[in-house]
file data_28.pdb (PDB, C-alpha atoms)
MODEL        1
ATOM      1  CA  MET A 244     108.761 -34.303  34.633
ATOM      2  CA  LYS A 245     107.134 -34.924  31.260
ATOM      3  CA  ALA A 246     103.658 -33.499  30.764
ATOM      4  CA  ILE A 247     101.155 -32.894  28.001
ATOM      5  CA  ILE A 248     100.901 -29.174  27.280
ATOM      6  CA  ILE A 249      98.575 -27.086  25.113
ATOM      7  CA  PRO A 250     100.679 -24.329  23.453
ATOM      8  CA  GLN A 251      97.619 -22.804  21.805
ATOM      9  CA  PRO A 252      93.940 -23.730  21.418
ATOM     10  CA  GLY A 253      93.040 -26.046  18.576
ATOM     11  CA  GLY A 254      92.530 -29.621  17.479
ATOM     12  CA  PRO A 255      94.220 -32.738  18.866
ATOM     13  CA  GLU A 256      97.331 -31.947  16.828
ATOM     14  CA  VAL A 257      98.238 -28.992  19.095
ATOM     15  CA  PHE A 258      99.297 -31.224  21.994
ATOM     16  CA  GLU A 259     102.998 -31.307  22.811
ATOM     17  CA  ILE A 260     105.049 -33.273  25.317
ATOM     18  CA  GLY A 261     106.977 -30.775  27.394
ATOM     19  CA  GLN A 262     109.118 -30.604  30.508
ATOM     20  CA  CYS A 263     107.481 -29.064  33.566
ATOM     21  CA  PRO A 264     108.580 -28.758  37.204
ATOM     22  CA  THR A 265     107.467 -31.722  39.304
ATOM     23  CA  PRO A 266     104.779 -30.403  41.668
ATOM     24  CA  GLN A 267     105.276 -30.658  45.396
ATOM     25  CA  PRO A 268     102.389 -31.567  47.699
ATOM     26  CA  ALA A 269     101.050 -28.770  49.868
ATOM     27  CA  ALA A 270      99.608 -29.393  53.310
ATOM     28  CA  GLY A 271      96.857 -31.996  53.074
ATOM     29  CA  GLU A 272      97.966 -33.193  49.635
ATOM     30  CA  VAL A 273      99.800 -36.226  48.272
ATOM     31  CA  LEU A 274     102.018 -36.558  45.218
ATOM     32  CA  ILE A 275     101.125 -39.357  42.829
ATOM     33  CA  LYS A 276     103.340 -40.950  40.213
ATOM     34  CA  VAL A 277     100.694 -41.253  37.529
ATOM     35  CA  ALA A 278     100.236 -44.642  35.882
ATOM     36  CA  ALA A 279      97.055 -43.784  33.973
ATOM     37  CA  ALA A 280      94.781 -40.804  33.374
ATOM     38  CA  GLY A 281      91.234 -40.767  32.071
ATOM     39  CA  ILE A 282      90.115 -38.764  29.032
ATOM     40  CA  ASN A 283      86.982 -36.629  29.469
ATOM     41  CA  ARG A 284      85.039 -34.116  27.411
ATOM     42  CA  PRO A 285      86.083 -31.196  29.643
ATOM     43  CA  ASP A 286      89.652 -31.980  28.507
ATOM     44  CA  ILE A 287      88.532 -31.448  24.916
ATOM     45  CA  ALA A 288      86.888 -28.148  25.831
ATOM     46  CA  GLN A 289      90.080 -27.033  27.587
ATOM     47  CA  ARG A 290      92.171 -27.970  24.548
ATOM     48  CA  LYS A 291      89.865 -25.850  22.376
ATOM     49  CA  GLY A 292      90.291 -22.889  24.701
ATOM     50  CA  ILE A 293      86.683 -22.720  25.906
ATOM     51  CA  TYR A 294      87.042 -24.293  29.368
ATOM     52  CA  PRO A 295      90.012 -22.903  31.272
ATOM     53  CA  PRO A 296      91.108 -24.491  34.546
ATOM     54  CA  PRO A 297      89.749 -22.872  37.708
ATOM     55  CA  PRO A 298      91.971 -20.412  39.620
ATOM     56  CA  GLY A 299      94.869 -22.169  41.301
ATOM     57  CA  ALA A 300      94.577 -25.376  39.260
ATOM     58  CA  SER A 301      97.281 -26.691  36.943
ATOM     59  CA  ASP A 302      96.926 -25.712  33.285
ATOM     60  CA  ILE A 303      97.999 -29.248  32.348
ATOM     61  CA  PRO A 304      94.800 -31.093  31.298
ATOM     62  CA  GLY A 305      93.500 -34.223  32.986
ATOM     63  CA  LEU A 306      90.856 -34.606  35.700
ATOM     64  CA  GLU A 307      91.272 -38.204  36.918
ATOM     65  CA  ILE A 308      94.321 -40.274  37.686
ATOM     66  CA  ALA A 309      95.533 -43.530  39.173
ATOM     67  CA  GLY A 310      98.996 -44.334  40.428
ATOM     68  CA  THR A 311     101.316 -44.633  43.421
ATOM     69  CA  ILE A 312     101.815 -42.103  46.202
ATOM     70  CA  THR A 313     105.459 -40.946  46.291
ATOM     71  CA  ALA A 314     105.328 -38.013  48.739
ATOM     72  CA  LEU A 315     103.090 -36.678  51.500
ATOM     73  CA  GLY A 316     102.248 -33.106  52.357
ATOM     74  CA  GLU A 317     102.126 -31.887  55.923
ATOM     75  CA  GLY A 318      99.204 -33.231  57.923
ATOM     76  CA  VAL A 319      98.306 -36.160  55.659
ATOM     77  CA  GLU A 320      97.013 -38.919  57.903
ATOM     78  CA  ARG A 321      95.281 -41.636  55.924
ATOM     79  CA  TRP A 322      97.722 -42.386  53.126
ATOM     80  CA  HIS A 323     101.307 -43.644  53.049
ATOM     81  CA  ILE A 324     104.105 -43.612  50.503
ATOM     82  CA  GLY A 325     103.624 -46.627  48.231
ATOM     83  CA  ASP A 326      99.821 -46.670  48.451
ATOM     84  CA  LYS A 327      98.062 -47.140  45.128
ATOM     85  CA  VAL A 328      95.117 -44.768  44.719
ATOM     86  CA  CYS A 329      92.879 -43.134  42.169
ATOM     87  CA  GLY A 330      91.331 -39.725  42.465
ATOM     88  CA  LEU A 331      89.709 -36.616  41.063
ATOM     89  CA  VAL A 332      91.825 -33.532  40.346
ATOM     90  CA  SER A 333      91.047 -30.067  38.961
ATOM     91  CA  GLY A 334      93.869 -30.348  36.417
ATOM     92  CA  GLY A 335      97.343 -31.789  35.966
ATOM     93  CA  GLY A 336      96.456 -35.402  35.228
ATOM     94  CA  TYR A 337      98.235 -35.682  31.855
ATOM     95  CA  ALA A 338     101.659 -35.749  33.486
ATOM     96  CA  GLU A 339     104.161 -38.075  35.122
ATOM     97  CA  TYR A 340     103.364 -36.644  38.563
ATOM     98  CA  CYS A 341     100.293 -34.918  39.966
ATOM     99  CA  THR A 342      99.333 -33.554  43.382
ATOM    100  CA  ILE A 343      95.890 -34.189  44.839
ATOM    101  CA  PRO A 344      94.125 -33.417  48.135
ATOM    102  CA  GLU A 345      94.153 -36.540  50.273
ATOM    103  CA  GLY A 346      90.359 -36.480  50.673
ATOM    104  CA  GLN A 347      89.862 -36.768  46.913
ATOM    105  CA  CYS A 348      91.797 -40.048  46.759
ATOM    106  CA  LEU A 349      90.188 -43.476  46.837
ATOM    107  CA  PRO A 350      91.801 -46.890  47.303
ATOM    108  CA  ILE A 351      92.034 -49.072  44.224
ATOM    109  CA  PRO A 352      90.073 -52.320  44.578
ATOM    110  CA  GLU A 353      92.395 -55.296  44.247
ATOM    111  CA  ASN A 354      90.479 -56.680  41.271
ATOM    112  CA  LEU A 355      91.052 -53.554  39.140
ATOM    113  CA  SER A 356      94.050 -52.527  37.061
ATOM    114  CA  LEU A 357      95.497 -49.028  37.338
ATOM    115  CA  ALA A 358      94.039 -48.168  33.928
ATOM    116  CA  GLU A 359      90.597 -49.336  35.036
ATOM    117  CA  ALA A 360      90.911 -47.346  38.254
ATOM    118  CA  ALA A 361      91.815 -44.198  36.295
ATOM    119  CA  SER A 362      88.565 -44.526  34.372
ATOM    120  CA  LEU A 363      86.435 -44.128  37.501
ATOM    121  CA  PRO A 364      86.778 -40.812  39.376
ATOM    122  CA  GLU A 365      85.431 -38.140  37.030
ATOM    123  CA  THR A 366      82.359 -40.116  36.004
ATOM    124  CA  TYR A 367      81.599 -41.721  39.362
ATOM    125  CA  PHE A 368      81.993 -38.439  41.261
ATOM    126  CA  THR A 369      79.763 -36.715  38.682
ATOM    127  CA  VAL A 370      77.032 -39.345  38.781
ATOM    128  CA  TRP A 371      76.973 -39.543  42.573
ATOM    129  CA  SER A 372      76.888 -35.774  42.987
ATOM    130  CA  ASN A 373      74.150 -35.177  40.440
ATOM    131  CA  VAL A 374      71.963 -38.282  40.480
ATOM    132  CA  PHE A 375      72.082 -39.196  44.154
ATOM    133  CA  ASP A 376      72.946 -35.961  45.969
ATOM    134  CA  ARG A 377      71.214 -33.311  43.851
ATOM    135  CA  ALA A 378      68.359 -35.302  42.278
ATOM    136  CA  LYS A 379      68.040 -37.658  45.264
ATOM    137  CA  LEU A 380      67.216 -40.728  43.182
ATOM    138  CA  LEU A 381      65.683 -43.358  45.449
ATOM    139  CA  PRO A 382      65.346 -47.135  45.205
ATOM    140  CA  GLY A 383      62.253 -47.989  43.179
ATOM    141  CA  GLU A 384      62.403 -44.773  41.153
ATOM    142  CA  THR A 385      63.154 -44.437  37.437
ATOM    143  CA  LEU A 386      66.130 -42.728  35.815
ATOM    144  CA  LEU A 387      66.590 -41.658  32.180
ATOM    145  CA  VAL A 388      70.200 -41.097  31.082
ATOM    146  CA  HIS A 389      71.053 -39.446  27.784
ATOM    147  CA  GLY A 390      74.280 -40.756  26.277
ATOM    148  CA  GLY A 391      74.139 -44.233  27.734
ATOM    149  CA  THR A 392      77.485 -45.399  26.338
ATOM    150  CA  SER A 393      79.467 -42.362  27.498
ATOM    151  CA  GLY A 394      81.634 -42.670  30.564
ATOM    152  CA  ILE A 395      78.899 -40.937  32.546
ATOM    153  CA  GLY A 396      76.268 -43.219  31.041
ATOM    154  CA  VAL A 397      77.920 -46.562  31.801
ATOM    155  CA  ALA A 398      78.578 -45.434  35.375
ATOM    156  CA  ALA A 399      75.025 -44.160  35.882
ATOM    157  CA  ILE A 400      73.437 -47.351  34.533
ATOM    158  CA  GLN A 401      75.370 -49.589  36.896
ATOM    159  CA  MET A 402      75.218 -47.372  39.970
ATOM    160  CA  ALA A 403      71.484 -46.679  39.730
ATOM    161  CA  LYS A 404      70.581 -50.296  39.034
ATOM    162  CA  ALA A 405      72.782 -51.572  41.851
ATOM    163  CA  LEU A 406      71.088 -49.180  44.277
ATOM    164  CA  GLY A 407      67.605 -50.297  43.290
ATOM    165  CA  SER A 408      66.387 -48.026  40.489
ATOM    166  CA  THR A 409      65.097 -48.724  36.979
ATOM    167  CA  VAL A 410      67.258 -47.179  34.248
ATOM    168  CA  TYR A 411      66.351 -46.098  30.733
ATOM    169  CA  ILE A 412      68.956 -44.653  28.359
ATOM    170  CA  THR A 413      69.303 -43.110  24.921
ATOM    171  CA  ALA A 414      72.085 -44.011  22.504
ATOM    172  CA  GLY A 415      72.821 -43.535  18.809
ATOM    173  CA  SER A 416      72.964 -47.083  17.434
ATOM    174  CA  ASP A 417      71.402 -50.490  17.917
ATOM    175  CA  GLU A 418      74.825 -51.836  18.925
ATOM    176  CA  LYS A 419      75.154 -49.234  21.669
ATOM    177  CA  CYS A 420      71.589 -49.834  22.820
ATOM    178  CA  LYS A 421      72.201 -53.569  23.090
ATOM    179  CA  PHE A 422      75.351 -52.970  25.114
ATOM    180  CA  CYS A 423      73.519 -50.734  27.581
ATOM    181  CA  GLU A 424      70.774 -53.297  28.103
ATOM    182  CA  GLN A 425      73.399 -55.983  28.739
ATOM    183  CA  LEU A 426      74.997 -53.609  31.254
ATOM    184  CA  GLY A 427      71.758 -53.218  33.190
ATOM    185  CA  ALA A 428      69.485 -50.703  31.484
ATOM    186  CA  THR A 429      65.866 -51.893  31.425
ATOM    187  CA  LYS A 430      65.349 -50.286  28.017
ATOM    188  CA  ALA A 431      67.705 -48.510  25.608
ATOM    189  CA  ILE A 432      66.186 -46.054  23.134
ATOM    190  CA  ASN A 433      67.898 -45.457  19.780
ATOM    191  CA  TYR A 434      67.380 -41.710  19.378
ATOM    192  CA  LYS A 435      68.114 -41.946  15.655
ATOM    193  CA  THR A 436      65.123 -44.193  14.995
ATOM    194  CA  GLU A 437      62.587 -43.225  17.679
ATOM    195  CA  ASN A 438      61.585 -40.228  19.765
ATOM    196  CA  PHE A 439      62.661 -40.736  23.358
ATOM    197  CA  ARG A 440      59.656 -38.814  24.697
ATOM    198  CA  ASP A 441      57.241 -41.193  22.980
ATOM    199  CA  ALA A 442      59.251 -44.205  24.143
ATOM    200  CA  ILE A 443      59.296 -43.036  27.773
ATOM    201  CA  LYS A 444      55.561 -42.361  27.685
ATOM    202  CA  LEU A 445      54.963 -45.928  26.532
ATOM    203  CA  LEU A 446      57.477 -47.490  28.926
ATOM    204  CA  THR A 447      56.071 -45.715  31.978
ATOM    205  CA  GLY A 448      52.384 -45.900  31.116
ATOM    206  CA  SER A 449      52.332 -42.100  30.659
ATOM    207  CA  LYS A 450      53.612 -41.578  34.231
ATOM    208  CA  GLY A 451      57.042 -40.290  33.163
ATOM    209  CA  VAL A 452      60.354 -40.860  34.900
ATOM    210  CA  ASN A 453      61.492 -39.541  38.265
ATOM    211  CA  VAL A 454      64.930 -38.269  37.262
ATOM    212  CA  ILE A 455      66.668 -37.348  34.000
ATOM    213  CA  LEU A 456      70.445 -36.939  33.745
ATOM    214  CA  ASP A 457      71.069 -34.780  30.683
ATOM    215  CA  MET A 458      74.312 -33.795  28.993
ATOM    216  CA  VAL A 459      72.657 -32.852  25.680
ATOM    217  CA  GLY A 460      70.592 -29.727  26.356
ATOM    218  CA  GLY A 461      69.321 -27.683  23.422
ATOM    219  CA  ASP A 462      66.238 -29.081  21.734
ATOM    220  CA  TYR A 463      66.197 -32.104  24.079
ATOM    221  CA  THR A 464      64.989 -29.860  26.881
ATOM    222  CA  PRO A 465      61.266 -29.572  25.976
ATOM    223  CA  ASP A 466      60.992 -33.350  25.595
ATOM    224  CA  ASN A 467      62.872 -33.823  28.871
ATOM    225  CA  ILE A 468      60.261 -31.693  30.620
ATOM    226  CA  LYS A 469      57.449 -33.707  29.036
ATOM    227  CA  SER A 470      59.144 -37.001  29.967
ATOM    228  CA  LEU A 471      59.266 -36.241  33.693
ATOM    229  CA  GLY A 472      56.538 -37.419  36.037
ATOM    230  CA  TYR A 473      55.103 -35.481  38.960
ATOM    231  CA  ASP A 474      57.819 -34.163  41.286
ATOM    232  CA  GLY A 475      60.392 -35.137  38.641
ATOM    233  CA  ARG A 476      63.947 -33.815  38.646
ATOM    234  CA  LEU A 477      65.981 -32.783  35.599
ATOM    235  CA  VAL A 478      69.738 -32.530  36.180
ATOM    236  CA  VAL A 479      71.779 -30.808  33.462
ATOM    237  CA  ILE A 480      75.537 -31.419  33.440
ATOM    238  CA  SER A 481      76.398 -30.291  29.910
ATOM    239  CA  ALA A 482      74.780 -28.842  26.788
ATOM    240  CA  LEU A 483      76.334 -30.565  23.781
ATOM    241  CA  LYS A 484      73.417 -29.470  21.555
ATOM    242  CA  GLY A 485      73.411 -25.907  22.806
ATOM    243  CA  LYS A 486      72.757 -23.788  25.886
ATOM    244  CA  ASP A 487      69.484 -22.256  24.672
ATOM    245  CA  ALA A 488      66.177 -24.051  25.167
ATOM    246  CA  THR A 489      62.450 -23.351  25.236
ATOM    247  CA  ILE A 490      60.672 -24.434  28.419
ATOM    248  CA  ASP A 491      56.948 -24.690  29.108
ATOM    249  CA  LEU A 492      56.685 -23.074  32.547
ATOM    250  CA  ASN A 493      53.123 -24.323  32.957
ATOM    251  CA  LEU A 494      54.374 -27.911  32.870
ATOM    252  CA  ILE A 495      56.935 -27.133  35.547
ATOM    253  CA  THR A 496      54.327 -25.718  37.899
ATOM    254  CA  HIS A 497      51.685 -28.330  37.068
ATOM    255  CA  LYS A 498      54.019 -31.270  37.612
ATOM    256  CA  ARG A 499      56.041 -29.645  40.448
ATOM    257  CA  LEU A 500      59.301 -30.181  38.586
ATOM    258  CA  THR A 501      62.818 -29.330  39.685
ATOM    259  CA  ILE A 502      65.431 -28.267  37.125
ATOM    260  CA  THR A 503      68.981 -28.143  38.412
ATOM    261  CA  GLY A 504      72.557 -28.610  37.269
ATOM    262  CA  SER A 505      76.132 -28.431  38.403
ATOM    263  CA  ALA A 506      79.789 -28.241  37.394
ATOM    264  CA  LEU A 507      82.112 -30.332  39.544
ATOM    265  CA  ARG A 508      85.558 -29.011  38.602
ATOM    266  CA  VAL A 509      85.176 -25.673  40.398
ATOM    267  CA  ARG A 510      83.874 -27.110  43.686
ATOM    268  CA  ASP A 511      86.086 -27.010  46.758
ATOM    269  CA  VAL A 512      88.068 -29.807  48.391
ATOM    270  CA  ALA A 513      85.531 -30.404  51.160
ATOM    271  CA  PHE A 514      82.725 -30.901  48.631
ATOM    272  CA  LYS A 515      84.701 -33.361  46.508
ATOM    273  CA  SER A 516      86.032 -35.186  49.547
ATOM    274  CA  ALA A 517      82.480 -35.751  50.795
ATOM    275  CA  ILE A 518      81.594 -37.345  47.461
ATOM    276  CA  ALA A 519      84.667 -39.574  47.708
ATOM    277  CA  ARG A 520      83.566 -40.838  51.123
ATOM    278  CA  ASN A 521      80.064 -41.602  49.844
ATOM    279  CA  LEU A 522      81.513 -43.488  46.891
ATOM    280  CA  GLU A 523      83.824 -45.456  49.149
ATOM    281  CA  GLN A 524      80.917 -46.404  51.415
ATOM    282  CA  HIS A 525      78.232 -47.185  48.846
ATOM    283  CA  ILE A 526      79.915 -47.946  45.491
ATOM    284  CA  TRP A 527      83.471 -49.175  46.102
ATOM    285  CA  PRO A 528      82.303 -52.432  47.734
ATOM    286  CA  LEU A 529      80.263 -53.122  44.574
ATOM    287  CA  LEU A 530      83.374 -52.569  42.439
ATOM    288  CA  ALA A 531      85.399 -54.850  44.695
ATOM    289  CA  SER A 532      82.776 -57.593  44.408
ATOM    290  CA  GLY A 533      82.445 -57.225  40.632
ATOM    291  CA  GLN A 534      78.773 -56.228  40.773
ATOM    292  CA  ILE A 535      79.805 -52.945  39.150
ATOM    293  CA  LYS A 536      82.622 -53.009  36.586
ATOM    294  CA  PRO A 537      84.683 -50.353  34.816
ATOM    295  CA  VAL A 538      83.940 -50.139  31.101
ATOM    296  CA  LEU A 539      87.324 -49.457  29.537
ATOM    297  CA  TYR A 540      87.040 -49.060  25.772
ATOM    298  CA  LYS A 541      90.655 -48.366  24.800
ATOM    299  CA  THR A 542      93.959 -47.267  26.284
ATOM    300  CA  PHE A 543      96.486 -45.028  24.538
ATOM    301  CA  PRO A 544     100.152 -44.519  25.411
ATOM    302  CA  PHE A 545     101.115 -41.149  26.869
ATOM    303  CA  GLY A 546     102.609 -40.017  23.541
ATOM    304  CA  ASP A 547      99.387 -40.560  21.602
ATOM    305  CA  VAL A 548      97.108 -38.203  23.498
ATOM    306  CA  ALA A 549      96.013 -36.794  20.124
ATOM    307  CA  GLY A 550      94.679 -40.204  19.093
ATOM    308  CA  ALA A 551      92.794 -40.509  22.363
ATOM    309  CA  HIS A 552      91.134 -37.127  21.827
ATOM    310  CA  ARG A 553      90.222 -37.956  18.238
ATOM    311  CA  LEU A 554      88.483 -41.109  19.410
ATOM    312  CA  MET A 555      86.619 -39.198  22.131
ATOM    313  CA  GLU A 556      85.417 -36.615  19.621
ATOM    314  CA  SER A 557      84.268 -39.321  17.187
ATOM    315  CA  SER A 558      81.798 -40.657  19.801
ATOM    316  CA  GLU A 559      82.448 -44.162  18.472
ATOM    317  CA  HIS A 560      83.577 -45.442  21.850
ATOM    318  CA  ILE A 561      81.544 -47.292  24.464
ATOM    319  CA  GLY A 562      82.774 -46.442  27.930
ATOM    320  CA  LYS A 563      86.070 -44.843  28.898
ATOM    321  CA  ILE A 564      89.302 -43.901  27.121
ATOM    322  CA  VAL A 565      92.487 -43.833  29.196
ATOM    323  CA  LEU A 566      96.098 -42.671  28.764
ATOM    324  CA  THR A 567      98.801 -44.938  30.194
ATOM    325  CA  PHE A 568     102.260 -43.861  31.324
ATOM    326  CA  GLY A 569     105.343 -46.050  31.102
ATOM    327  CA  ASP A 570     108.444 -45.704  33.264
TER     328      ASP A 570
ENDMDL
END
call {"tool": "encode", "arguments": {"input": "data_28.pdb", "output": "structure tokens"}}
result
Amino acid sequence: MKAIIIPQPGGPEVFEIGQCPTPQPAAGEVLIKVAAAGINRPDIAQRKGIYPPPPGASDIPGLEIAGTITALGEGVERWHIGDKVCGLVSGGGYAEYCTIPEGQCLPIPENLSLAEAASLPETYFTVWSNVFDRAKLLPGETLLVHGGTSGIGVAAIQMAKALGSTVYITAGSDEKCKFCEQLGATKAINYKTENFRDAIKLLTGSKGVNVILDMVGGDYTPDNIKSLGYDGRLVVISALKGKDATIDLNLITHKRLTITGSALRVRDVAFKSAIARNLEQHIWPLLASGQIKPVLYKTFPFGDVAGAHRLMESSEHIGKIVLTFGD
């Protein structure tokens, strides 16, 4: 099969299209003929050589796919050859074929294209796991999301609003802020023109928010702590501005704060399968009804993976970037 390979770490230009053995599904897995694969920042980190795949995972990049099941491993019960599914993988998505545990697959709503479906798993799994499982965001509570127009951001806005929470976001332009408010954010804060801590203080009447989903880290951390209300929860999923931060421990004890974080790629099949079932129960009906919609910014053909990565690194996009595979 054809697959995108990374001969050595570097920029987008290092990608090559190579020939690799077609994987065969192990017990409990299915083989998918990939129609589309989402682009995510962990793919960029892997290409640069700073985020290797976990033990046992394919070294082909790509964490989310959509396509048609072409083979079943022993013991697979739910799925059948010919089913169209999307799902979360630990690697191998930038290829013509990819194996995936059956529990990490989800049906594709009839109103979505395969490219739209491929834009869902990584971000929706991440948001559910961190915002709803770890931070336990409840209806009526408030959520602040940094990076509102990222794939994570557009998913978090829609999911949290649909489940009854008020969402605030930060973004880097007035255009992006307007988009997020049209998507469902109550207020979008342009971090280039105003301090998000001051804005949150004003928006909440000095009460602070209940949950913050942060992928920025670094010098955002002190203001995150100050922007949380009593019993607030800060969930860190990345540190684009750096891993080091200064924290006022007195504020944590005074306000009874929880600081947590997670990385999804290394978690086991049972953990990811449980997230898939929660998504299917609580979120997939909202996708099928159109209450929640994929935000697909641009698709790239399989051969232009370098262009897709350049766009991701530019941060000019709003929503998801997806690779598509022809026959």
call {"tool": "closest_atom_pairs", "arguments": {"input": "data_28.pdb", "of": "segment 485-529 of chain A", "to": "segment 461-471 of chain A", "cutoff": "8 Å", "atoms": "all atoms listed in the file", "output": "Markdown table"}}
result
| residue | atom | partner | partner_atom | distance |
| --- | --- | --- | --- | --- |
| A:Gly485 | CA | A:Gly461 | CA | 4.5 |
| A:Lys486 | CA | A:Gly461 | CA | 5.7 |
| A:Asp487 | CA | A:Gly461 | CA | 5.6 |
| A:Ala488 | CA | A:Gly461 | CA | 5.1 |
| A:Thr489 | CA | A:Pro465 | CA | 6.4 |
| A:Ile490 | CA | A:Pro465 | CA | 5.7 |
| A:Asp491 | CA | A:Pro465 | CA | 7.2 |
| A:Leu494 | CA | A:Ile468 | CA | 7.4 |
| A:Ile495 | CA | A:Ile468 | CA | 7.5 |
| A:Leu500 | CA | A:Leu471 | CA | 7.8 |
call {"tool": "write_last_selection", "arguments": {"input": "data_28.pdb", "atoms": "C-alpha atoms", "output": "PDB file, keeping the file's coordinate frame"}}
result
ATOM      1  CA  GLY A 485      73.411 -25.907  22.806  1.00  0.00           C
ATOM      2  CA  LYS A 486      72.757 -23.788  25.886  1.00  0.00           C
ATOM      3  CA  ASP A 487      69.484 -22.256  24.672  1.00  0.00           C
ATOM      4  CA  ALA A 488      66.177 -24.051  25.167  1.00  0.00           C
ATOM      5  CA  THR A 489      62.450 -23.351  25.236  1.00  0.00           C
ATOM      6  CA  ILE A 490      60.672 -24.434  28.419  1.00  0.00           C
ATOM      7  CA  ASP A 491      56.948 -24.690  29.108  1.00  0.00           C
ATOM      8  CA  LEU A 494      54.374 -27.911  32.870  1.00  0.00           C
ATOM      9  CA  ILE A 495      56.935 -27.133  35.547  1.00  0.00           C
ATOM     10  CA  LEU A 500      59.301 -30.181  38.586  1.00  0.00           C
TER      11      LEU A 500
END
call {"tool": "closest_residue", "arguments": {"input": "data_28.pdb", "among": "A:Glu272, A:Glu556, A:Glu384, A:Asp417", "to": "Asp474 of chain A", "atoms": "only C-alpha atoms"}}
result
A:Glu384
call {"tool": "closest_residue", "arguments": {"input": "data_28.pdb", "among": "A:Ser449, A:Thr311, A:Ser393, A:Asn283", "to": "Gly334 of chain A", "atoms": "only C-alpha atoms"}}
result
A:Asn283
call {"tool": "resolve_selection", "arguments": {"input": "data_28.pdb", "expression": "the PyMOL selection byres ((chain A and resi 367-379) around 10)", "output": "PyMOL selection string"}}
result
chain A and resi 330-331+347+362-366+380-382+384+386+388+394-400+402-403+453-456+475-480+501-508+514-519+521-522+525-526
call {"tool": "residues_around", "arguments": {"input": "data_28.pdb", "residues": "segment 249-260 of chain A", "least_positions_apart": "2", "cutoff": "10 Å", "atoms": "all atoms listed in the file", "output": "ChimeraX atom specification"}}
result
/A:245-247,262-263,287-293,302-304,337-338,545-553,556
call {"tool": "residues_near_point", "arguments": {"input": "data_28.pdb", "point": "(91.2, -41.2, 44.3)", "cutoff": "9 Å", "atoms": "all atoms listed in the file", "output": "list in words"}}
result
Glu307, Ile308, Ala309, Val328, Cys329, Gly330, Leu331, Val332, Ile343, Glu345, Gly346, Gln347, Cys348, Leu349, Pro350, Ile351, Ala360, Ala361, Leu363, Pro364 and Ala519 of chain A
call {"tool": "closest_residue", "arguments": {"input": "data_28.pdb", "among": "A:Met458, A:Leu406, A:Val512, A:Ile275", "to": "Lys484 of chain A", "atoms": "all atoms listed in the file"}}
result
A:Met458
call {"tool": "atom_distance", "arguments": {"input": "data_28.pdb", "atom1": "atom CA of Glu523 of chain A", "atom2": "atom CA of Gly335 of chain A"}}
result
23.3 Å
call {"tool": "atom_distance", "arguments": {"input": "data_28.pdb", "atom1": "atom CA of Gly281 of chain A", "atom2": "atom CA of Thr385 of chain A"}}
result
28.8 Å
call {"tool": "residues_around", "arguments": {"input": "data_28.pdb", "residues": "Ala414 of chain A", "least_positions_apart": "2", "cutoff": "9 Å", "atoms": "only C-alpha atoms", "output": "MDAnalysis selection string"}}
result
chainID A and resid 389:392 412 416:417 419:420 423 431:435
call {"tool": "closest_residue", "arguments": {"input": "data_28.pdb", "among": "A:Gly569, A:Gly427, A:Pro528, A:Pro544", "to": "Gly310 of chain A", "atoms": "only C-alpha atoms"}}
result
A:Gly569
call {"tool": "decode", "arguments": {"input": "data_28.pdb", "residues": "segment 325-335 of chain A", "atoms": "N, CA and C atoms", "output": "PDB file, in the first residue's frame"}}
result
ATOM      1  N   GLY A 325     -17.643  -3.620   4.615  1.00  0.00           N
ATOM      2  CA  GLY A 325     -18.467  -2.656   3.886  1.00  0.00           C
ATOM      3  C   GLY A 325     -18.990  -1.523   4.740  1.00  0.00           C
ATOM      4  N   ASP A 326     -18.928  -1.681   6.080  1.00  0.00           N
ATOM      5  CA  ASP A 326     -19.366  -0.589   6.957  1.00  0.00           C
ATOM      6  C   ASP A 326     -18.451   0.618   6.805  1.00  0.00           C
ATOM      7  N   LYS A 327     -19.057   1.793   6.807  1.00  0.00           N
ATOM      8  CA  LYS A 327     -18.281   3.037   6.782  1.00  0.00           C
ATOM      9  C   LYS A 327     -18.179   3.575   8.206  1.00  0.00           C
ATOM     10  N   VAL A 328     -16.944   3.798   8.653  1.00  0.00           N
ATOM     11  CA  VAL A 328     -16.701   4.218  10.034  1.00  0.00           C
ATOM     12  C   VAL A 328     -15.614   5.279  10.070  1.00  0.00           C
ATOM     13  N   CYS A 329     -15.562   5.967  11.207  1.00  0.00           N
ATOM     14  CA  CYS A 329     -14.416   6.817  11.519  1.00  0.00           C
ATOM     15  C   CYS A 329     -13.873   6.357  12.857  1.00  0.00           C
ATOM     16  N   GLY A 330     -12.644   6.761  13.165  1.00  0.00           N
ATOM     17  CA  GLY A 330     -12.104   6.303  14.433  1.00  0.00           C
ATOM     18  C   GLY A 330     -10.761   6.904  14.769  1.00  0.00           C
ATOM     19  N   LEU A 331     -10.371   6.666  16.015  1.00  0.00           N
ATOM     20  CA  LEU A 331      -9.122   7.184  16.578  1.00  0.00           C
ATOM     21  C   LEU A 331      -8.082   6.073  16.596  1.00  0.00           C
ATOM     22  N   VAL A 332      -6.899   6.361  16.055  1.00  0.00           N
ATOM     23  CA  VAL A 332      -5.804   5.396  16.039  1.00  0.00           C
ATOM     24  C   VAL A 332      -4.573   6.006  16.708  1.00  0.00           C
ATOM     25  N   SER A 333      -3.615   5.162  17.064  1.00  0.00           N
ATOM     26  CA  SER A 333      -2.377   5.647  17.690  1.00  0.00           C
ATOM     27  C   SER A 333      -1.301   5.962  16.667  1.00  0.00           C
ATOM     28  N   GLY A 334      -1.587   5.724  15.402  1.00  0.00           N
ATOM     29  CA  GLY A 334      -0.666   5.969  14.301  1.00  0.00           C
ATOM     30  C   GLY A 334      -1.142   5.189  13.095  1.00  0.00           C
ATOM     31  N   GLY A 335      -0.591   5.525  11.917  1.00  0.00           N
ATOM     32  CA  GLY A 335      -0.913   4.785  10.712  1.00  0.00           C
ATOM     33  C   GLY A 335      -1.979   5.373   9.826  1.00  0.00           C
TER      34      GLY A 335
END
